[in-house]
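As stored in coords.txt (compact mmCIF, C-alpha atoms):
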# COMPACT_ATOMS: atom_id res chain seq x y z
CA MET A 171 153.71 108.65 126.96
CA GLU A 172 156.71 110.52 128.30
CA GLY A 173 156.69 114.18 127.31
CA GLN A 174 152.97 114.09 126.51
CA THR A 175 150.94 112.47 129.28
CA ILE A 176 153.78 112.52 131.80
CA ILE A 177 157.02 114.41 132.33
CA ALA A 178 159.82 112.61 134.20
CA GLU A 179 162.67 114.50 135.86
CA HIS A 180 165.65 112.28 136.66
CA ARG A 181 168.47 112.73 139.16
CA PHE A 182 171.41 110.36 139.69
CA PRO A 183 173.24 110.83 143.03
CA ASN A 184 175.98 108.33 142.07
CA GLU A 185 175.78 106.76 145.57
CA GLU A 186 177.22 109.92 147.14
CA PRO A 187 175.33 110.60 150.42
CA GLU A 188 175.28 114.41 150.22
CA ARG A 189 173.97 114.36 146.64
CA PHE A 190 170.88 112.37 147.63
CA ARG A 191 169.74 115.18 149.91
CA ALA A 192 170.56 117.97 147.45
CA MET A 193 168.87 116.27 144.51
CA ALA A 194 165.76 115.39 146.50
CA ALA A 195 165.44 119.08 147.40
CA GLU A 196 165.89 120.02 143.74
CA LEU A 197 163.07 117.73 142.68
CA VAL A 198 160.71 118.92 145.41
CA ALA A 199 161.34 122.52 144.30
CA LEU A 200 159.96 121.58 140.88
CA LYS A 201 156.58 120.84 142.57
CA PRO A 202 156.13 117.36 141.14
CA ASP A 203 152.95 115.31 141.52
CA LEU A 204 154.96 112.29 142.66
CA LEU A 205 158.47 111.32 143.72
CA LEU A 206 159.85 107.86 142.86
CA ALA A 207 162.84 106.85 144.96
CA ALA A 208 164.96 103.78 144.17
CA GLY A 209 166.72 102.43 147.26
CA ALA A 210 166.73 103.35 150.93
CA SER A 211 169.08 106.34 150.63
CA ALA A 212 166.95 107.94 147.93
CA ALA A 213 163.74 107.22 149.83
CA ARG A 214 165.00 108.71 153.09
CA ALA A 215 166.26 111.81 151.27
CA ALA A 216 162.90 112.20 149.56
CA LYS A 217 160.99 111.87 152.82
CA ALA A 218 163.26 114.43 154.50
CA ALA A 219 162.61 116.85 151.64
CA THR A 220 158.80 116.86 151.76
CA THR A 221 155.83 115.89 153.89
CA THR A 222 153.28 116.71 151.20
CA VAL A 223 154.46 115.33 147.84
CA PRO A 224 153.51 111.62 147.54
CA ILE A 225 156.54 109.29 147.51
CA VAL A 226 156.73 105.75 146.11
CA PHE A 227 159.95 103.95 147.04
CA ILE A 228 161.37 100.96 145.19
CA VAL A 229 163.57 98.08 146.46
CA VAL A 230 163.96 99.38 150.00
CA PRO A 231 165.30 96.57 152.25
CA ASP A 232 163.47 97.39 155.48
CA PRO A 233 161.15 100.40 155.16
CA VAL A 234 159.94 100.20 158.77
CA ALA A 235 163.46 100.19 160.26
CA ALA A 236 164.43 102.96 157.84
CA GLY A 237 161.67 105.13 159.32
CA LEU A 238 159.85 105.46 156.01
CA VAL A 239 156.55 103.88 157.08
CA GLN A 240 154.79 103.01 160.31
CA SER A 241 154.12 99.44 159.17
CA LEU A 242 153.92 97.51 155.91
CA ALA A 243 150.14 97.20 156.12
CA HIS A 244 149.54 100.81 157.19
CA PRO A 245 152.31 103.07 155.86
CA GLY A 246 150.94 106.35 157.19
CA GLY A 247 152.08 109.76 155.95
CA ASN A 248 152.99 110.49 152.35
CA VAL A 249 155.19 107.45 151.66
CA THR A 250 154.59 103.90 150.43
CA GLY A 251 156.26 101.56 147.98
CA LEU A 252 157.86 98.20 147.39
CA THR A 253 160.36 96.36 149.56
CA ASN A 254 162.86 93.75 148.31
CA PHE A 255 163.27 91.89 151.64
CA ALA A 256 167.05 92.32 151.31
CA VAL A 257 167.79 92.03 155.04
CA GLN A 258 165.80 88.84 155.55
CA LEU A 259 167.57 87.08 152.65
CA CYS A 260 171.13 87.50 153.97
CA ALA A 261 170.96 84.18 155.83
CA LYS A 262 169.65 82.29 152.81
CA ARG A 263 172.52 83.50 150.63
CA LEU A 264 175.07 82.15 153.07
CA GLU A 265 173.13 78.91 153.30
CA TYR A 266 173.13 78.45 149.53
CA LEU A 267 176.82 79.37 149.33
CA LYS A 268 177.65 76.73 151.93
CA GLU A 269 175.62 74.16 150.00
CA ALA A 270 177.35 75.10 146.74
CA ILE A 271 180.82 74.81 148.31
CA PRO A 272 180.57 72.42 151.31
CA SER A 273 184.25 72.86 152.15
CA VAL A 274 183.96 76.63 152.61
CA SER A 275 184.62 77.88 156.14
CA ARG A 276 185.85 81.49 155.72
CA VAL A 277 183.55 83.93 153.92
CA GLY A 278 183.81 87.65 153.22
CA LEU A 279 180.80 89.96 153.43
CA LEU A 280 181.21 92.97 151.15
CA VAL A 281 179.42 95.95 152.69
CA ASN A 282 179.11 99.68 152.12
CA PRO A 283 179.51 101.35 155.55
CA ASN A 284 178.15 104.64 154.17
CA VAL A 285 174.63 103.15 154.24
CA ASP A 286 172.64 102.82 157.48
CA ILE A 287 171.02 99.50 156.52
CA THR A 288 174.48 97.89 156.43
CA ARG A 289 174.27 97.32 160.19
CA ARG A 290 171.23 95.08 159.66
CA TYR A 291 172.96 93.12 156.89
CA ILE A 292 175.89 92.50 159.23
CA GLU A 293 173.68 91.39 162.13
CA GLU A 294 171.66 88.97 160.00
CA SER A 295 174.73 87.59 158.26
CA GLU A 296 176.70 87.09 161.49
CA ALA A 297 173.81 85.20 163.07
CA ALA A 298 173.49 82.96 160.00
CA ALA A 299 177.26 82.40 159.81
CA ALA A 300 177.30 81.22 163.42
CA GLN A 301 174.53 78.72 162.67
CA LEU A 302 176.39 77.45 159.61
CA ARG A 303 179.73 77.38 161.47
CA LEU A 304 181.26 79.86 159.09
CA THR A 305 183.86 82.50 159.93
CA LEU A 306 182.53 85.76 158.50
CA GLN A 307 184.86 88.68 157.79
CA LEU A 308 183.58 92.15 156.92
CA VAL A 309 185.13 93.75 153.86
CA GLU A 310 184.25 97.44 153.56
CA VAL A 311 183.82 99.20 150.21
CA ARG A 312 182.92 102.91 150.34
CA THR A 313 183.63 103.83 146.71
CA LEU A 314 184.17 102.08 143.40
CA GLY A 315 187.88 102.80 143.83
CA ASP A 316 187.96 100.57 146.93
CA LEU A 317 186.94 97.40 145.11
CA GLU A 318 190.33 96.13 143.95
CA ARG A 319 191.83 96.69 147.39
CA ALA A 320 188.86 94.86 148.92
CA PHE A 321 189.45 91.77 146.80
CA ASP A 322 193.16 91.84 147.54
CA THR A 323 192.26 91.96 151.24
CA MET A 324 190.11 88.86 150.82
CA VAL A 325 192.99 86.99 149.22
CA LYS A 326 195.41 88.01 151.98
CA SER A 327 192.84 86.95 154.60
CA ARG A 328 192.46 83.59 152.85
CA LEU A 329 188.74 83.99 152.43
CA GLN A 330 187.30 81.16 150.35
CA ALA A 331 184.19 82.96 149.04
CA ALA A 332 182.27 86.20 149.41
CA VAL A 333 178.70 87.47 149.60
CA LEU A 334 177.53 90.87 148.37
CA ALA A 335 175.31 92.90 150.67
CA PRO A 336 172.57 94.45 148.51
CA ASP A 337 173.63 98.01 147.79
CA GLY A 338 173.51 100.57 145.01
CA LEU A 339 177.31 100.76 144.98
CA PHE A 340 177.63 97.06 144.17
CA PHE A 341 174.90 97.36 141.56
CA GLN A 342 177.00 100.05 139.88
CA ALA A 343 180.01 97.73 140.01
CA ARG A 344 178.12 94.64 138.85
CA ALA A 345 180.26 94.22 135.72
CA VAL A 346 183.56 94.77 137.57
CA ILE A 347 183.05 92.61 140.67
CA PRO A 348 182.86 89.21 138.89
CA LYS A 349 186.07 89.98 136.96
CA LEU A 350 187.95 90.93 140.12
CA ALA A 351 186.58 87.85 141.87
CA LEU A 352 187.42 85.41 139.08
CA ALA A 353 190.95 86.80 138.70
CA ARG A 354 191.53 86.07 142.40
CA ARG A 355 189.50 82.84 142.38
CA VAL A 356 186.96 84.07 144.91
CA PRO A 357 183.45 82.65 144.34
CA ILE A 358 180.80 85.35 144.67
CA CYS A 359 177.17 85.06 145.73
CA ALA A 360 175.27 88.09 144.44
CA TYR A 361 171.78 89.30 145.34
CA SER A 362 169.88 89.78 142.07
CA ARG A 363 169.78 88.71 138.44
CA GLU A 364 171.38 92.02 137.46
CA THR A 365 174.37 91.52 139.79
CA PHE A 366 174.59 87.84 138.79
CA GLU A 367 174.53 88.01 135.00
CA PRO A 368 178.00 89.59 134.45
CA GLY A 369 179.61 86.43 135.86
CA SER A 370 179.02 85.86 139.58
CA LEU A 371 178.99 82.21 140.65
CA MET A 372 175.47 82.42 142.04
CA SER A 373 172.72 84.70 143.28
CA TYR A 374 169.62 84.57 145.42
CA GLY A 375 167.07 87.32 145.65
CA PRO A 376 163.76 88.74 144.44
CA ASP A 377 162.92 89.53 140.84
CA HIS A 378 163.89 93.22 140.79
CA LEU A 379 162.60 93.84 137.27
CA THR A 380 159.12 92.81 138.39
CA ILE A 381 159.40 95.07 141.44
CA PHE A 382 160.26 98.09 139.27
CA ARG A 383 157.38 97.31 136.93
CA ARG A 384 155.03 97.07 139.92
CA ALA A 385 156.29 100.49 141.03
CA ALA A 386 154.79 101.94 137.86
CA ILE A 387 151.40 100.54 138.94
CA TYR A 388 151.78 102.21 142.34
CA ALA A 389 152.75 105.48 140.66
CA ASP A 390 149.70 105.27 138.40
CA LYS A 391 147.38 104.77 141.38
CA VAL A 392 148.84 107.76 143.22
CA LEU A 393 148.69 109.99 140.15
CA LYS A 394 145.03 109.04 139.78
CA GLY A 395 144.30 110.27 143.31
CA MET A 396 144.95 107.40 145.71
CA LYS A 397 146.76 108.43 148.92
CA PRO A 398 150.03 106.61 149.75
CA THR A 399 148.63 105.79 153.20
CA ALA A 400 145.93 103.67 151.48
CA LEU A 401 148.52 101.57 149.63
CA PRO A 402 150.19 98.87 151.76
CA VAL A 403 153.90 98.32 151.15
CA GLU A 404 154.19 95.52 148.61
CA GLN A 405 156.44 92.56 149.33
CA PRO A 406 158.10 90.40 146.66
CA THR A 407 156.53 87.07 145.82
CA ARG A 408 159.12 85.65 143.42
CA PHE A 409 162.67 84.76 144.50
CA GLU A 410 165.33 83.40 142.14
CA LEU A 411 168.26 81.08 142.80
CA LEU A 412 170.65 81.46 139.87
CA VAL A 413 173.91 79.61 139.25
CA ASN A 414 176.59 80.06 136.60
CA LEU A 415 178.09 76.76 135.43
CA LYS A 416 180.78 78.45 133.33
CA THR A 417 182.03 80.42 136.33
CA ALA A 418 181.93 77.26 138.44
CA ARG A 419 184.17 75.45 135.94
CA ALA A 420 186.55 78.39 135.77
CA LEU A 421 186.86 78.22 139.57
CA GLY A 422 187.33 74.44 139.51
CA LEU A 423 184.04 73.83 141.32
CA THR A 424 181.50 71.07 140.83
CA LEU A 425 178.15 72.27 142.11
CA PRO A 426 176.02 69.68 143.94
CA GLN A 427 173.12 68.20 142.03
CA SER A 428 170.80 69.06 144.92
CA LEU A 429 171.55 72.74 144.41
CA LEU A 430 171.18 72.58 140.63
CA LEU A 431 167.78 70.92 140.95
CA ARG A 432 166.50 73.79 143.09
CA ALA A 433 168.01 76.55 140.93
CA HIS A 434 165.61 78.56 138.81
CA GLU A 435 168.31 78.82 136.18
CA ALA A 436 171.72 77.21 135.66
CA VAL A 437 173.35 79.27 132.91
CA GLU A 438 176.38 78.61 130.76
Let me see whether you can do it: turn the structure in this file into structure tokens.
Amino acid sequence: MEGQTIIAEHRFPNEEPERFRAMAAELVALKPDLLLAAGASAARAAKAATTTVPIVFIVVPDPVAAGLVQSLAHPGGNVTGLTNFAVQLCAKRLEYLKEAIPSVSRVGLLVNPNVDITRRYIEESEAAAAQLRLTLQLVEVRTLGDLERAFDTMVKSRLQAAVLAPDGLFFQARAVIPKLALARRVPICAYSRETFEPGSLMSYGPDHLTIFRRAAIYADKVLKGMKPTALPVEQPTRFELLVNLKTARALGLTLPQSLLLRAHEAVE
């Protein structure tokens, strides 16, 4: 019960790199019993701020590559948490996009270059694009103000569709991106239910709501005395393919029956 059995102090860095570090230091100065960090940037800032306060991270794409843990099975140190496998799913999103629109040959990859993990998204996506015989063009978005320009760039480059790299910036813009895309007739493949529901054509990714709920279980274990090093990093077990039939019609697309049969949900 918040305020009685637990007190939660919140900080929102607004996807600004320098604020992650400052706010992590603020929280550590309060001497908390636990730090929860959503996303790789928050988790890395938290780890840099303390070696003693237990840290549970949430939806970190690759915690080993990010330097947060030694391995998934044996985290080591004061950090553990839950990964969302975001890097490994880049190829599958392109594969599903190609199946949804067989004629597509030129695809944009929206990325936030401010985030270190972006390099891994690019590498995985480029390898998958080569296998699928797709031309992949990077479209950089550093701030919310860059989004409209990014979509105009895609139109000028004659890109036929686009994929979102999982990132907090695009989560913030989840209601804006589908509108910009639909206005320019650019089909979008998102990476979660939350980034899909405002109107993206499709999405493939783990169930993030379940991951956040599982984070509460990890937090409870740590608060009851379990060391983070004794808690293996948890990997997602449920992945959702979601398609939006209304958006497909608005874009003049007929999605293949084979794709619809495999979709967890086809919404109107």
request  = May I have the residues at most 8 Å from (167.3, 92.2, 155.5) in the file's coordinates, counting only C-alpha atoms, as a list of chain:residue names?
outcome  = A:Pro231, A:Asp232, A:Phe255, A:Ala256, A:Val257, A:Gln258, A:Leu259, A:Cys260, A:Arg290, A:Tyr291, A:Glu294
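The shortest atom-to-atom distance to Pro357 of chain A, with only C-alpha atoms taken into account, belongs to A:Gly278 out of A:Pro245, A:Pro398, A:Pro406, A:Gly278.
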ask   = Could you pull the residues within 9 Å of Ala261 of chain A, counting all atoms listed in the file, minus those fewer than 6 positions along the same chain, as a PyMOL selection string?
value = chain A and resi 294-299
Next, the residues of the selection above should be written as a compact mmCIF listing (two decimals), in the frame of the given file with C-alpha atoms.
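See part-v1.txt below for the written result:
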# COMPACT_ATOMS: atom_id res chain seq x y z
CA GLU A 294 171.66 88.97 160.00
CA SER A 295 174.73 87.59 158.26
CA GLU A 296 176.70 87.09 161.49
CA ALA A 297 173.81 85.20 163.07
CA ALA A 298 173.49 82.96 160.00
CA ALA A 299 177.26 82.40 159.81
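Pairwise distance (atom CA of Glu269 of chain A, atom CA of Ala332 of chain A) equals 13.8 Å.
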Using all atoms listed in the file - which residues lie no farther than 10 Å from the point (187.1, 98.4, 145.9) in the file's frame? Write them as a PDB file with C-alpha atoms, keeping the file's coordinate frame.
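Written file, out.pdb:
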ATOM      1  CA  LEU A 280     181.210  92.970 151.150  1.00  0.00           C
ATOM      2  CA  VAL A 309     185.130  93.750 153.860  1.00  0.00           C
ATOM      3  CA  GLU A 310     184.250  97.440 153.560  1.00  0.00           C
ATOM      4  CA  VAL A 311     183.820  99.200 150.210  1.00  0.00           C
ATOM      5  CA  ARG A 312     182.920 102.910 150.340  1.00  0.00           C
ATOM      6  CA  THR A 313     183.630 103.830 146.710  1.00  0.00           C
ATOM      7  CA  LEU A 314     184.170 102.080 143.400  1.00  0.00           C
ATOM      8  CA  GLY A 315     187.880 102.800 143.830  1.00  0.00           C
ATOM      9  CA  ASP A 316     187.960 100.570 146.930  1.00  0.00           C
ATOM     10  CA  LEU A 317     186.940  97.400 145.110  1.00  0.00           C
ATOM     11  CA  GLU A 318     190.330  96.130 143.950  1.00  0.00           C
ATOM     12  CA  ARG A 319     191.830  96.690 147.390  1.00  0.00           C
ATOM     13  CA  ALA A 320     188.860  94.860 148.920  1.00  0.00           C
ATOM     14  CA  PHE A 321     189.450  91.770 146.800  1.00  0.00           C
ATOM     15  CA  ASP A 322     193.160  91.840 147.540  1.00  0.00           C
ATOM     16  CA  THR A 323     192.260  91.960 151.240  1.00  0.00           C
ATOM     17  CA  PHE A 340     177.630  97.060 144.170  1.00  0.00           C
ATOM     18  CA  ALA A 343     180.010  97.730 140.010  1.00  0.00           C
ATOM     19  CA  VAL A 346     183.560  94.770 137.570  1.00  0.00           C
ATOM     20  CA  ILE A 347     183.050  92.610 140.670  1.00  0.00           C
ATOM     21  CA  LEU A 350     187.950  90.930 140.120  1.00  0.00           C
TER      22      LEU A 350
END
task = Determine the nearest neighbour of Lys391 of chain A from the options A:Leu264, A:Leu304, A:Leu204, A:Val277, counting all atoms listed in the file.
result =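 Closest candidate: A:Leu204.
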Within 12 Å of segment 185-192 of chain A, which residues of segment 217-245 of chain A come that close, and what is the closest atom pair and distance in Å for each? Count only C-alpha atoms and give it as CSV.
residue,atom,partner,partner_atom,distance
A:Lys217,CA,A:Arg191,CA,9.8
A:Ala218,CA,A:Arg191,CA,8.0
A:Ala219,CA,A:Arg191,CA,7.5
A:Thr220,CA,A:Arg191,CA,11.2
query = Which is closer to Thr407 of chain A than all the others in A:Asn254, A:Glu265, A:Gln307, A:Tyr374, using only C-alpha atoms?
reply =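 The shortest atom-to-atom distance to Thr407 of chain A comes from A:Asn254.
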Please supply segment 261-297 of chain A, rebuilt with N, CA and C atoms, as an mmCIF file, keeping the file's coordinate frame.
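Saved to result-v2.cif:
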data_model
loop_
_atom_site.group_PDB
_atom_site.id
_atom_site.type_symbol
_atom_site.label_atom_id
_atom_site.label_comp_id
_atom_site.auth_asym_id
_atom_site.auth_seq_id
_atom_site.Cartn_x
_atom_site.Cartn_y
_atom_site.Cartn_z
ATOM 1 N N ALA A 261 170.684 85.520 155.318
ATOM 2 C CA ALA A 261 170.960 84.180 155.830
ATOM 3 C C ALA A 261 170.858 83.136 154.729
ATOM 4 N N LYS A 262 169.862 83.285 153.873
ATOM 5 C CA LYS A 262 169.650 82.290 152.810
ATOM 6 C C LYS A 262 170.804 82.288 151.820
ATOM 7 N N ARG A 263 171.377 83.453 151.549
ATOM 8 C CA ARG A 263 172.520 83.500 150.630
ATOM 9 C C ARG A 263 173.707 82.727 151.183
ATOM 10 N N LEU A 264 173.974 82.906 152.462
ATOM 11 C CA LEU A 264 175.070 82.150 153.070
ATOM 12 C C LEU A 264 174.777 80.656 153.071
ATOM 13 N N GLU A 265 173.528 80.315 153.300
ATOM 14 C CA GLU A 265 173.130 78.910 153.300
ATOM 15 C C GLU A 265 173.352 78.276 151.932
ATOM 16 N N TYR A 266 172.935 78.971 150.881
ATOM 17 C CA TYR A 266 173.130 78.450 149.530
ATOM 18 C C TYR A 266 174.615 78.392 149.166
ATOM 19 N N LEU A 267 175.389 79.375 149.599
ATOM 20 C CA LEU A 267 176.820 79.370 149.330
ATOM 21 C C LEU A 267 177.491 78.171 149.989
ATOM 22 N N LYS A 268 177.101 77.886 151.222
ATOM 23 C CA LYS A 268 177.650 76.730 151.930
ATOM 24 C C LYS A 268 177.257 75.430 151.242
ATOM 25 N N GLU A 269 176.039 75.370 150.717
ATOM 26 C CA GLU A 269 175.620 74.160 150.000
ATOM 27 C C GLU A 269 176.383 74.021 148.689
ATOM 28 N N ALA A 270 176.632 75.148 148.011
ATOM 29 C CA ALA A 270 177.350 75.100 146.740
ATOM 30 C C ALA A 270 178.799 74.660 146.932
ATOM 31 N N ILE A 271 179.409 75.128 148.039
ATOM 32 C CA ILE A 271 180.820 74.810 148.310
ATOM 33 C C ILE A 271 180.896 74.264 149.738
ATOM 34 N N PRO A 272 180.630 72.974 149.944
ATOM 35 C CA PRO A 272 180.570 72.420 151.310
ATOM 36 C C PRO A 272 181.843 72.616 152.115
ATOM 37 N N SER A 273 182.983 72.732 151.438
ATOM 38 C CA SER A 273 184.250 72.860 152.150
ATOM 39 C C SER A 273 184.524 74.275 152.647
ATOM 40 N N VAL A 274 183.696 75.235 152.249
ATOM 41 C CA VAL A 274 183.960 76.630 152.610
ATOM 42 C C VAL A 274 183.793 76.829 154.116
ATOM 43 N N SER A 275 184.714 77.588 154.701
ATOM 44 C CA SER A 275 184.620 77.880 156.140
ATOM 45 C C SER A 275 184.883 79.346 156.446
ATOM 46 N N ARG A 276 185.522 80.074 155.512
ATOM 47 C CA ARG A 276 185.850 81.490 155.720
ATOM 48 C C ARG A 276 185.241 82.303 154.579
ATOM 49 N N VAL A 277 184.300 83.188 154.929
ATOM 50 C CA VAL A 277 183.550 83.930 153.920
ATOM 51 C C VAL A 277 183.647 85.425 154.181
ATOM 52 N N GLY A 278 183.809 86.192 153.118
ATOM 53 C CA GLY A 278 183.810 87.650 153.220
ATOM 54 C C GLY A 278 182.425 88.203 152.954
ATOM 55 N N LEU A 279 182.057 89.248 153.665
ATOM 56 C CA LEU A 279 180.800 89.960 153.430
ATOM 57 C C LEU A 279 181.157 91.368 152.964
ATOM 58 N N LEU A 280 180.928 91.646 151.683
ATOM 59 C CA LEU A 280 181.210 92.970 151.150
ATOM 60 C C LEU A 280 180.078 93.919 151.525
ATOM 61 N N VAL A 281 180.422 94.996 152.217
ATOM 62 C CA VAL A 281 179.420 95.950 152.690
ATOM 63 C C VAL A 281 179.855 97.376 152.387
ATOM 64 N N ASN A 282 178.861 98.249 152.283
ATOM 65 C CA ASN A 282 179.110 99.680 152.120
ATOM 66 C C ASN A 282 178.777 100.365 153.440
ATOM 67 N N PRO A 283 179.784 100.756 154.239
ATOM 68 C CA PRO A 283 179.510 101.350 155.550
ATOM 69 C C PRO A 283 178.877 102.724 155.491
ATOM 70 N N ASN A 284 178.790 103.322 154.300
ATOM 71 C CA ASN A 284 178.150 104.640 154.170
ATOM 72 C C ASN A 284 176.628 104.558 154.313
ATOM 73 N N VAL A 285 176.073 103.342 154.268
ATOM 74 C CA VAL A 285 174.630 103.150 154.240
ATOM 75 C C VAL A 285 174.152 102.596 155.577
ATOM 76 N N ASP A 286 173.119 103.214 156.149
ATOM 77 C CA ASP A 286 172.640 102.820 157.480
ATOM 78 C C ASP A 286 172.201 101.362 157.556
ATOM 79 N N ILE A 287 171.564 100.859 156.496
ATOM 80 C CA ILE A 287 171.020 99.500 156.520
ATOM 81 C C ILE A 287 172.119 98.451 156.632
ATOM 82 N N THR A 288 173.365 98.832 156.365
ATOM 83 C CA THR A 288 174.480 97.890 156.430
ATOM 84 C C THR A 288 174.553 97.193 157.789
ATOM 85 N N ARG A 289 174.239 97.923 158.849
ATOM 86 C CA ARG A 289 174.270 97.320 160.190
ATOM 87 C C ARG A 289 173.363 96.104 160.264
ATOM 88 N N ARG A 290 172.173 96.198 159.634
ATOM 89 C CA ARG A 290 171.230 95.080 159.660
ATOM 90 C C ARG A 290 171.750 93.909 158.849
ATOM 91 N N TYR A 291 172.381 94.201 157.701
ATOM 92 C CA TYR A 291 172.960 93.120 156.890
ATOM 93 C C TYR A 291 174.011 92.359 157.707
ATOM 94 N N ILE A 292 174.818 93.122 158.440
ATOM 95 C CA ILE A 292 175.890 92.500 159.230
ATOM 96 C C ILE A 292 175.292 91.625 160.332
ATOM 97 N N GLU A 293 174.299 92.150 161.040
ATOM 98 C CA GLU A 293 173.680 91.390 162.130
ATOM 99 C C GLU A 293 173.069 90.086 161.628
ATOM 100 N N GLU A 294 172.307 90.170 160.552
ATOM 101 C CA GLU A 294 171.660 88.970 160.000
ATOM 102 C C GLU A 294 172.685 87.971 159.491
ATOM 103 N N SER A 295 173.710 88.470 158.830
ATOM 104 C CA SER A 295 174.730 87.590 158.260
ATOM 105 C C SER A 295 175.573 86.926 159.344
ATOM 106 N N GLU A 296 175.910 87.667 160.391
ATOM 107 C CA GLU A 296 176.700 87.090 161.490
ATOM 108 C C GLU A 296 175.922 85.998 162.205
ATOM 109 N N ALA A 297 174.632 86.214 162.415
ATOM 110 C CA ALA A 297 173.810 85.200 163.070
ATOM 111 C C ALA A 297 173.731 83.935 162.213
#
